[in-house]
file data24.tsv (TSV, C-alpha atoms and all ligand atoms)
chain	number	residue	atom	x	y	z
A	1	MET	CA	-26.52	62.66	73.58
A	2	ASN	CA	-27.04	65.60	71.23
A	3	ALA	CA	-24.63	66.69	68.52
A	4	ASP	CA	-23.71	69.81	70.51
A	5	GLN	CA	-22.49	67.55	73.34
A	6	ILE	CA	-19.96	65.84	71.08
A	7	GLU	CA	-16.48	66.77	72.22
A	8	LEU	CA	-14.54	64.53	69.87
A	9	ILE	CA	-15.27	62.66	66.64
A	10	GLY	CA	-12.89	59.82	65.82
A	11	VAL	CA	-12.47	58.95	62.14
A	12	MET	CA	-11.14	55.42	61.64
A	13	GLY	CA	-9.20	55.39	58.38
A	14	GLY	CA	-8.03	58.48	56.48
A	15	GLY	CA	-7.88	58.03	52.72
A	16	VAL	CA	-10.36	59.39	50.20
A	17	MET	CA	-13.49	59.25	52.35
A	18	GLY	CA	-12.05	59.51	55.88
A	19	GLY	CA	-10.18	62.68	54.90
A	20	GLY	CA	-13.27	64.26	53.35
A	21	ILE	CA	-15.41	63.28	56.32
A	22	ALA	CA	-12.86	64.66	58.78
A	23	GLN	CA	-12.67	67.86	56.72
A	24	SER	CA	-16.46	68.32	56.79
A	25	CYS	CA	-16.53	67.72	60.55
A	26	VAL	CA	-13.74	70.16	61.48
A	27	ALA	CA	-15.14	72.82	59.14
A	28	ALA	CA	-18.47	72.52	61.00
A	29	GLY	CA	-16.79	73.08	64.37
A	30	PHE	CA	-16.26	69.52	65.64
A	31	ASN	CA	-12.96	68.33	67.13
A	32	VAL	CA	-11.73	65.42	65.03
A	33	ARG	CA	-8.99	62.84	65.40
A	34	VAL	CA	-8.17	60.66	62.39
A	35	ARG	CA	-6.58	57.26	62.89
A	36	ASP	CA	-4.68	55.60	60.06
A	37	LEU	CA	-1.97	52.95	60.03
A	38	THR	CA	1.15	55.09	59.54
A	39	ASP	CA	2.33	58.68	60.01
A	40	GLU	CA	2.94	58.86	56.24
A	41	LEU	CA	-0.70	57.99	55.47
A	42	ASN	CA	-1.86	60.56	58.03
A	43	GLU	CA	0.38	63.22	56.48
A	44	LYS	CA	-1.02	62.43	53.01
A	45	THR	CA	-4.58	62.76	54.33
A	46	ARG	CA	-3.80	66.11	55.98
A	47	GLU	CA	-2.18	67.39	52.78
A	48	THR	CA	-5.25	66.40	50.72
A	49	MET	CA	-7.63	67.93	53.25
A	50	VAL	CA	-5.80	71.25	53.07
A	51	LYS	CA	-4.43	71.50	49.52
A	52	GLY	CA	-6.33	68.85	47.56
A	53	ARG	CA	-8.76	69.59	44.73
A	54	PHE	CA	-11.69	69.72	47.18
A	55	GLY	CA	-9.59	70.85	50.14
A	56	LEU	CA	-9.97	73.67	52.64
A	57	GLN	CA	-7.63	76.05	50.82
A	58	GLY	CA	-9.71	75.69	47.66
A	59	ALA	CA	-12.83	76.48	49.70
A	60	VAL	CA	-11.18	79.78	50.66
A	61	GLU	CA	-10.35	80.52	47.02
A	62	ARG	CA	-13.96	79.82	46.03
A	63	GLY	CA	-15.25	82.11	48.81
A	64	LYS	CA	-16.94	79.23	50.69
A	65	LEU	CA	-14.79	79.63	53.82
A	66	THR	CA	-12.60	82.44	55.14
A	67	GLN	CA	-8.91	81.90	55.91
A	68	GLU	CA	-9.74	82.47	59.59
A	69	GLN	CA	-12.34	79.67	59.47
A	70	VAL	CA	-9.81	77.31	57.89
A	71	ASN	CA	-7.12	78.22	60.45
A	72	ALA	CA	-9.63	77.58	63.25
A	73	ALA	CA	-10.73	74.29	61.66
A	74	LEU	CA	-7.12	73.07	61.52
A	75	THR	CA	-6.69	73.68	65.28
A	76	ARG	CA	-9.55	71.18	65.80
A	77	LEU	CA	-7.87	68.47	63.72
A	78	SER	CA	-5.42	65.85	64.97
A	79	PHE	CA	-4.03	62.54	63.72
A	80	THR	CA	-2.89	59.37	65.38
A	81	THR	CA	-1.77	55.84	64.57
A	82	GLU	CA	-3.02	54.52	67.95
A	83	VAL	CA	-6.61	53.32	68.34
A	84	GLU	CA	-6.32	54.06	72.08
A	85	GLU	CA	-6.08	57.76	71.27
A	86	LEU	CA	-9.69	57.65	70.04
A	87	ARG	CA	-10.77	56.22	73.42
A	88	ASP	CA	-12.68	59.36	74.53
A	89	ALA	CA	-14.45	59.97	71.22
A	90	ASP	CA	-18.25	60.40	71.46
A	91	LEU	CA	-18.74	59.33	67.85
A	92	ILE	CA	-16.59	57.08	65.68
A	93	ILE	CA	-17.02	57.23	61.91
A	94	GLU	CA	-15.38	54.23	60.28
A	95	ALA	CA	-13.97	54.64	56.75
A	96	VAL	CA	-11.52	51.74	56.28
A	97	PRO	CA	-11.58	49.85	52.92
A	98	GLU	CA	-14.74	48.03	51.83
A	99	ASP	CA	-13.81	44.59	53.15
A	100	LEU	CA	-16.34	42.93	55.46
A	101	ASP	CA	-13.83	40.97	57.53
A	102	MET	CA	-11.58	43.99	57.90
A	103	LYS	CA	-14.47	46.20	59.01
A	104	ARG	CA	-15.65	43.58	61.52
A	105	LYS	CA	-12.14	43.30	62.99
A	106	VAL	CA	-11.84	47.08	63.19
A	107	PHE	CA	-15.20	47.40	64.99
A	108	ALA	CA	-14.37	44.57	67.41
A	109	GLU	CA	-11.13	46.34	68.28
A	110	LEU	CA	-12.89	49.69	68.66
A	111	ASP	CA	-15.59	48.15	70.85
A	112	GLY	CA	-12.96	47.06	73.36
A	113	VAL	CA	-11.24	50.45	73.47
A	114	ILE	CA	-13.78	53.25	72.95
A	115	LYS	CA	-15.96	54.37	75.86
A	116	PRO	CA	-19.16	52.30	75.94
A	117	GLU	CA	-21.57	55.22	75.51
A	118	ALA	CA	-20.00	56.33	72.21
A	119	VAL	CA	-21.85	55.85	68.92
A	120	PHE	CA	-20.29	53.91	66.00
A	121	ALA	CA	-21.14	54.76	62.38
A	122	SER	CA	-19.86	52.91	59.32
A	123	ASN	CA	-19.34	54.58	55.96
A	124	THR	CA	-19.74	51.22	54.22
A	125	SER	CA	-21.02	51.54	50.67
A	126	GLY	CA	-23.44	48.67	51.12
A	127	PHE	CA	-22.70	46.02	53.74
A	128	SER	CA	-25.59	45.13	56.00
A	129	ILE	CA	-25.51	47.07	59.26
A	130	ALA	CA	-26.91	44.03	61.08
A	131	ASP	CA	-23.92	41.99	59.80
A	132	LEU	CA	-21.37	44.62	60.77
A	133	SER	CA	-22.90	45.20	64.19
A	134	GLN	CA	-22.30	41.54	65.11
A	135	ALA	CA	-18.76	42.68	65.90
A	136	VAL	CA	-19.83	44.99	68.74
A	137	SER	CA	-21.81	44.84	71.97
A	138	ARG	CA	-23.31	48.37	71.50
A	139	LYS	CA	-25.77	47.35	68.75
A	140	ASP	CA	-28.22	50.13	69.72
A	141	ARG	CA	-25.46	52.69	69.14
A	142	PHE	CA	-24.40	51.32	65.75
A	143	ALA	CA	-25.60	52.63	62.37
A	144	GLY	CA	-24.55	53.24	58.79
A	145	MET	CA	-23.52	56.76	57.79
A	146	HIS	CA	-22.96	56.62	54.05
A	147	TRP	CA	-21.33	59.71	52.55
A	148	PHE	CA	-20.80	60.55	48.88
A	149	SER	CA	-17.55	61.52	47.22
A	150	PRO	CA	-16.12	64.14	47.47
A	151	ALA	CA	-17.45	64.11	51.03
A	152	PHE	CA	-16.78	67.79	51.69
A	153	VAL	CA	-18.78	68.80	48.61
A	154	MET	CA	-21.61	66.30	48.20
A	155	ARG	CA	-24.65	67.13	50.30
A	156	LEU	CA	-26.24	63.72	50.87
A	157	ILE	CA	-25.63	61.38	53.79
A	158	GLU	CA	-27.63	58.14	54.02
A	159	ILE	CA	-28.28	57.07	57.62
A	160	ILE	CA	-28.87	53.32	57.76
A	161	HIS	CA	-30.62	51.81	60.74
A	162	GLY	CA	-30.11	48.16	61.61
A	163	PRO	CA	-32.66	46.11	63.57
A	164	ASP	CA	-31.17	47.21	66.91
A	165	THR	CA	-30.21	50.81	66.12
A	166	SER	CA	-31.91	53.19	68.55
A	167	GLU	CA	-33.92	56.24	67.48
A	168	GLU	CA	-31.54	58.35	69.60
A	169	THR	CA	-28.57	57.12	67.53
A	170	ILE	CA	-30.32	57.96	64.26
A	171	GLN	CA	-31.25	61.40	65.54
A	172	LEU	CA	-27.70	62.07	66.69
A	173	LEU	CA	-26.33	61.28	63.22
A	174	GLU	CA	-29.04	63.44	61.64
A	175	GLN	CA	-28.02	66.31	63.91
A	176	VAL	CA	-24.35	65.84	63.00
A	177	GLY	CA	-25.34	65.92	59.32
A	178	ALA	CA	-27.42	69.07	59.82
A	179	ALA	CA	-24.53	70.77	61.65
A	180	MET	CA	-22.48	70.25	58.46
A	181	SER	CA	-25.31	71.54	56.24
A	182	LYS	CA	-25.79	68.06	54.77
A	183	GLU	CA	-29.11	66.51	53.76
A	184	THR	CA	-29.80	63.18	55.42
A	185	ILE	CA	-32.19	60.39	54.54
A	186	ARG	CA	-33.20	57.38	56.62
A	187	VAL	CA	-32.59	53.96	55.12
A	188	LYS	CA	-33.74	50.61	56.50
A	189	ASP	CA	-30.99	48.02	56.61
A	190	THR	CA	-31.29	44.99	54.34
A	191	SER	CA	-29.00	42.12	53.46
A	192	ASP	CA	-30.89	41.51	50.18
A	193	ALA	CA	-29.24	44.23	48.10
A	194	TYR	CA	-26.00	46.18	48.11
A	195	GLY	CA	-25.92	49.96	47.85
A	196	PHE	CA	-28.64	51.53	50.05
A	197	VAL	CA	-30.80	54.03	48.09
A	198	ALA	CA	-28.88	56.46	45.87
A	199	ASN	CA	-26.34	53.94	44.54
A	200	ARG	CA	-28.99	51.28	43.88
A	201	ILE	CA	-30.96	53.71	41.74
A	202	TYR	CA	-27.82	55.04	40.06
A	203	PHE	CA	-26.48	51.53	39.28
A	204	ALA	CA	-29.88	50.56	37.84
A	205	ALA	CA	-29.77	53.61	35.55
A	206	VAL	CA	-26.21	52.80	34.45
A	207	ALA	CA	-27.18	49.16	33.73
A	208	GLU	CA	-30.10	50.34	31.58
A	209	ALA	CA	-27.86	52.85	29.80
A	210	ARG	CA	-25.45	50.01	28.98
A	211	LYS	CA	-28.32	47.95	27.57
A	212	VAL	CA	-29.36	50.86	25.37
A	213	MET	CA	-25.73	51.13	24.25
A	214	ASP	CA	-25.43	47.35	23.57
A	215	GLU	CA	-28.67	47.41	21.58
A	216	GLU	CA	-27.10	50.21	19.49
A	217	ILE	CA	-30.17	52.34	19.94
A	218	ALA	CA	-28.11	55.50	20.43
A	219	THR	CA	-24.45	56.48	20.61
A	220	VAL	CA	-22.69	56.78	23.96
A	221	ASP	CA	-22.57	60.55	23.56
A	222	ASP	CA	-26.27	60.71	22.80
A	223	ILE	CA	-27.16	58.47	25.76
A	224	ASN	CA	-25.21	60.83	28.01
A	225	LYS	CA	-26.82	63.86	26.36
A	226	ALA	CA	-30.27	62.33	26.88
A	227	MET	CA	-29.87	62.34	30.66
A	228	ARG	CA	-27.92	65.60	30.86
A	229	PHE	CA	-30.45	67.60	28.88
A	230	GLY	CA	-33.61	65.56	29.43
A	231	PHE	CA	-33.23	65.18	33.18
A	232	ASN	CA	-30.58	67.78	34.06
A	233	TRP	CA	-28.09	65.18	35.31
A	234	PRO	CA	-24.70	66.86	35.80
A	235	ALA	CA	-23.05	63.99	33.91
A	236	GLY	CA	-24.36	61.22	31.67
A	237	PRO	CA	-24.81	57.65	32.95
A	238	LEU	CA	-21.95	56.32	30.82
A	239	GLU	CA	-19.51	59.16	31.40
A	240	MET	CA	-18.14	57.59	34.57
A	241	ILE	CA	-17.59	54.17	33.10
A	242	ALA	CA	-14.09	53.63	31.75
A	243	GLY	CA	-14.04	51.83	28.47
A	244	ALA	CA	-17.74	52.30	27.78
A	245	ARG	CA	-16.91	53.05	24.20
A	246	LYS	CA	-15.23	49.66	23.65
A	247	GLY	CA	-17.13	47.72	21.01
A	248	TRP	CA	-19.17	50.75	20.07
A	249	GLN	CA	-18.53	53.41	17.39
B	301	LIG	N1	-14.42	56.28	47.45
B	301	LIG	C1	-15.72	56.51	47.35
B	301	LIG	O1	-16.21	57.12	46.38
B	301	LIG	C2	-16.66	56.06	48.45
B	301	LIG	C3	-17.92	56.66	48.56
B	301	LIG	C4	-18.76	56.29	49.63
B	301	LIG	C5	-18.33	55.32	50.53
B	301	LIG	N2	-17.11	54.73	50.38
B	301	LIG	C6	-16.68	53.74	51.38
B	301	LIG	O2	-15.77	54.37	52.28
B	301	LIG	C7	-14.85	53.40	52.79
B	301	LIG	C8	-13.43	53.86	52.54
B	301	LIG	O3	-13.23	53.99	51.15
B	301	LIG	P1	-12.07	54.94	50.56
B	301	LIG	O4	-12.36	55.06	49.12
B	301	LIG	O5	-11.94	56.17	51.38
B	301	LIG	O6	-10.78	54.01	50.79
B	301	LIG	P2	-9.25	54.46	50.91
B	301	LIG	O7	-8.46	53.25	50.57
B	301	LIG	O8	-8.99	55.74	50.20
B	301	LIG	O9	-9.06	54.76	52.49
B	301	LIG	C9	-9.10	53.78	53.47
B	301	LIG	C10	-8.06	54.12	54.53
B	301	LIG	O10	-8.22	53.24	55.65
B	301	LIG	C11	-6.93	52.93	56.14
B	301	LIG	N3	-6.98	51.75	56.97
B	301	LIG	C12	-6.92	50.44	56.62
B	301	LIG	N4	-7.02	49.68	57.72
B	301	LIG	C13	-7.15	50.52	58.78
B	301	LIG	C14	-7.28	50.34	60.18
B	301	LIG	N5	-7.30	49.12	60.72
B	301	LIG	N6	-7.39	51.43	60.97
B	301	LIG	C15	-7.38	52.67	60.44
B	301	LIG	N7	-7.24	52.90	59.12
B	301	LIG	C16	-7.13	51.84	58.32
B	301	LIG	C17	-6.08	52.81	54.88
B	301	LIG	O11	-4.69	52.93	55.20
B	301	LIG	C18	-6.61	53.95	54.03
B	301	LIG	O12	-5.90	55.16	54.24
B	301	LIG	C19	-15.22	52.08	52.12
B	301	LIG	O13	-16.07	51.36	52.95
B	301	LIG	C20	-15.93	52.54	50.85
B	301	LIG	O14	-16.82	51.56	50.33
B	301	LIG	C21	-16.25	55.09	49.37
call {"tool": "encode", "arguments": {"input": "data24.tsv", "output": "structure tokens", "more": "lines below"}}
Ligand SMILES: NC(=O)c1ccc[n+]([C@@H]2O[C@H](COP(=O)([O-])OP(=O)(O)OC[C@H]3O[C@@H](n4cnc5c(N)ncnc54)[C@H](O)[C@@H]3O)[C@@H](O)[C@H]2O)c1
result
Amino acid sequence: MNADQIELIGVMGGGVMGGGIAQSCVAAGFNVRVRDLTDELNEKTRETMVKGRFGLQGAVERGKLTQEQVNAALTRLSFTTEVEELRDADLIIEAVPEDLDMKRKVFAELDGVIKPEAVFASNTSGFSIADLSQAVSRKDRFAGMHWFSPAFVMRLIEIIHGPDTSEETIQLLEQVGAAMSKETIRVKDTSDAYGFVANRIYFAAVAEARKVMDEEIATVDDINKAMRFGFNWPAGPLEMIAGARKGWQ
């Protein structure tokens, strides 16, 4: 299957990531159905996708999309509370909370309902794809598809291949990423470390920044300045950590 043969993408779980993923997919021309647990949650996701800080209406105001493109995108978007209504999806992107047992249960349920030829992709932040794929029989059509927040804005998607993931599955996800003007990288699955590539490197930098802070080698502001002006980071390594100033200054 090629990306241009996808007739429907099912997004399992709205929320922060599912909504942003669904938004990116409909804006790129895919038909998308989001499944969450209640109509209220679905309504909240739709509202955020349209009017939220990184929503479609804001993209019009910033000149990234035209109103006509947004109107067309919204005709491709639907919501449901029934897993069965994702049955005909060609690709399922799972974005339920980061809980291994929950994700396994969700995939086992999906495996029994969704047509067997469909591909499953998990937006897990770091669980092993081999572990997650134990829940399904379609292990060759199972991969990680790790997006960054806000999903509509951030360009990177990490594609994680487990031991049984087929090359065709990886290529399909790469094509879907390209259709949304995202950059993709290939990541080999491992159960030895949590966080794939970008987060592992980022967390290592944050840990080192905290050590520098604890050793009182520089102030928090100066540590952040070091990376913003020395390496052109958009934000310093300690800017995202609440309470970093505790015990310092
Ligand atoms: N938030 C981030 O910055 C970020 C970035 C990258 C990846 N992730 C990963 O994305 C996933 C989702 O995270 P989030 O921050 O969007 O969480 P979230 O809590 O905002 O959204 C999860 C949604 O899933 C729904 N849900 C729960 N059980 C469900 C089920 N059985 N079927 C359908 N929907 C169900 C919840 O009602 C909720 O709306 C996690 O695996 C997380 O690690 C998060």
call {"tool": "residues_near_ligand", "arguments": {"input": "data24.tsv", "ligand": "ligand LIG 301 (chain B)", "cutoff": "10 Å", "atoms": "only C-alpha atoms and all ligand atoms", "output": "count of residues only"}}
result
55
call {"tool": "residues_around", "arguments": {"input": "data24.tsv", "residues": "A:Lys225", "least_positions_apart": "4", "cutoff": "7 Å", "atoms": "all atoms listed in the file", "output": "ChimeraX atom specification"}}
result
/A:221,229,236
call {"tool": "atom_distance", "arguments": {"input": "data24.tsv", "atom1": "atom CA of A:Phe142", "atom2": "atom CA of A:Phe120"}}
result
4.9 Å
call {"tool": "closest_residue", "arguments": {"input": "data24.tsv", "among": "A:Ile6, A:Val153, A:Ala108, A:Val212", "to": "A:Lys64", "atoms": "all atoms listed in the file"}}
result
A:Val153
call {"tool": "axis_aligned_box", "arguments": {"input": "data24.tsv", "around": "stretch 141-146 of chain A", "padding_each_side": "5 Å", "output": "AutoDock Vina command-line options"}}
result
--center_x -24.3 --center_y 54.0 --center_z 61.6 --size_x 12.6 --size_y 15.4 --size_z 25.1
call {"tool": "residues_around", "arguments": {"input": "data24.tsv", "residues": "A:Thr75", "least_positions_apart": "5", "cutoff": "9 Å", "atoms": "all atoms listed in the file", "output": "VMD selection string"}}
result
chain A and resid 26 31 70
call {"tool": "residues_around", "arguments": {"input": "data24.tsv", "residues": "A:Asp192", "least_positions_apart": "2", "cutoff": "12 Å", "atoms": "all atoms listed in the file", "output": "VMD selection string"}}
result
chain A and resid 126 to 131 188 to 190 194 to 196 200
call {"tool": "write_last_selection", "arguments": {"input": "data24.tsv", "atoms": "C-alpha atoms", "output": "CSV table (one decimal), in the coordinates of the input"}}
result
chain,number,residue,atom,x,y,z
A,126,GLY,CA,-23.4,48.7,51.1
A,127,PHE,CA,-22.7,46.0,53.7
A,128,SER,CA,-25.6,45.1,56.0
A,129,ILE,CA,-25.5,47.1,59.3
A,130,ALA,CA,-26.9,44.0,61.1
A,131,ASP,CA,-23.9,42.0,59.8
A,188,LYS,CA,-33.7,50.6,56.5
A,189,ASP,CA,-31.0,48.0,56.6
A,190,THR,CA,-31.3,45.0,54.3
A,194,TYR,CA,-26.0,46.2,48.1
A,195,GLY,CA,-25.9,50.0,47.8
A,196,PHE,CA,-28.6,51.5,50.0
A,200,ARG,CA,-29.0,51.3,43.9
call {"tool": "residues_around", "arguments": {"input": "data24.tsv", "residues": "A:Leu8", "least_positions_apart": "3", "cutoff": "12 Å", "atoms": "only C-alpha atoms", "output": "list in words"}}
result
Ala3, Asp4, Gln5, Val11, Ala22, Cys25, Val26, Gly29, Phe30, Asn31, Val32, Arg33, Val34, Arg76, Leu77, Ser78, Glu85, Leu86, Arg87, Asp88, Ala89, Asp90, Leu91, Ile92, Ile93, Ile114, Lys115, Ala118 and Val119 of chain A
call {"tool": "atom_distance", "arguments": {"input": "data24.tsv", "atom1": "atom CA of A:Glu61", "atom2": "atom CA of A:Pro234"}}
result
22.8 Å
call {"tool": "atom_distance", "arguments": {"input": "data24.tsv", "atom1": "atom CA of A:Met227", "atom2": "atom CA of A:Ala198"}}
result
16.3 Å
call {"tool": "residues_around", "arguments": {"input": "data24.tsv", "residues": "stretch 176-182 of chain A", "least_positions_apart": "6", "cutoff": "6 Å", "atoms": "all atoms listed in the file", "output": "compact mmCIF listing (two decimals) with C-alpha atoms, in the frame of the given file"}}
result
# COMPACT_ATOMS: atom_id res chain seq x y z
CA ALA A 3 -24.63 66.69 68.52
CA ALA A 28 -18.47 72.52 61.00
CA ARG A 155 -24.65 67.13 50.30
CA LEU A 156 -26.24 63.72 50.87
call {"tool": "closest_residue", "arguments": {"input": "data24.tsv", "among": "A:Ile9, A:Val60, A:Ala226, A:Ala73", "to": "A:Ala121", "atoms": "only C-alpha atoms"}}
result
A:Ile9
call {"tool": "decode", "arguments": {"input": "data24.tsv", "residues": "stretch 16-27 of chain A", "atoms": "N, CA, C and O atoms", "output": "CSV table (one decimal), in the first residue's frame"}}
result
chain,number,residue,atom,x,y,z
A,16,VAL,N,-4.1,15.8,23.5
A,16,VAL,CA,-3.0,16.7,23.0
A,16,VAL,C,-2.5,16.2,21.7
A,16,VAL,O,-2.4,16.9,20.7
A,17,MET,N,-2.0,15.0,21.7
A,17,MET,CA,-1.3,14.5,20.5
A,17,MET,C,-2.2,14.0,19.4
A,17,MET,O,-2.0,14.3,18.2
A,18,GLY,N,-3.2,13.2,19.8
A,18,GLY,CA,-4.2,12.7,18.8
A,18,GLY,C,-4.8,13.8,18.0
A,18,GLY,O,-4.9,13.8,16.8
A,19,GLY,N,-5.2,14.9,18.7
A,19,GLY,CA,-5.8,16.1,18.0
A,19,GLY,C,-4.8,16.7,17.0
A,19,GLY,O,-5.2,17.0,15.9
A,20,GLY,N,-3.6,16.9,17.5
A,20,GLY,CA,-2.6,17.5,16.6
A,20,GLY,C,-2.2,16.6,15.4
A,20,GLY,O,-2.0,17.1,14.3
A,21,ILE,N,-2.2,15.3,15.7
A,21,ILE,CA,-1.9,14.3,14.6
A,21,ILE,C,-3.1,14.4,13.6
A,21,ILE,O,-2.8,14.4,12.4
A,22,ALA,N,-4.3,14.3,14.1
A,22,ALA,CA,-5.5,14.3,13.2
A,22,ALA,C,-5.5,15.6,12.4
A,22,ALA,O,-5.7,15.6,11.2
A,23,GLN,N,-5.1,16.7,13.0
A,23,GLN,CA,-5.1,18.0,12.3
A,23,GLN,C,-4.1,18.0,11.2
A,23,GLN,O,-4.4,18.5,10.1
A,24,SER,N,-2.9,17.5,11.5
A,24,SER,CA,-1.8,17.4,10.4
A,24,SER,C,-2.3,16.5,9.2
A,24,SER,O,-2.1,16.9,8.1
A,25,CYS,N,-3.0,15.4,9.6
A,25,CYS,CA,-3.4,14.5,8.5
A,25,CYS,C,-4.5,15.1,7.7
A,25,CYS,O,-4.5,15.0,6.4
A,26,VAL,N,-5.5,15.7,8.3
A,26,VAL,CA,-6.6,16.3,7.5
A,26,VAL,C,-6.1,17.5,6.6
A,26,VAL,O,-6.5,17.7,5.5
A,27,ALA,N,-5.2,18.3,7.2
A,27,ALA,CA,-4.7,19.4,6.5
A,27,ALA,C,-3.9,19.0,5.2
A,27,ALA,O,-3.8,19.7,4.2
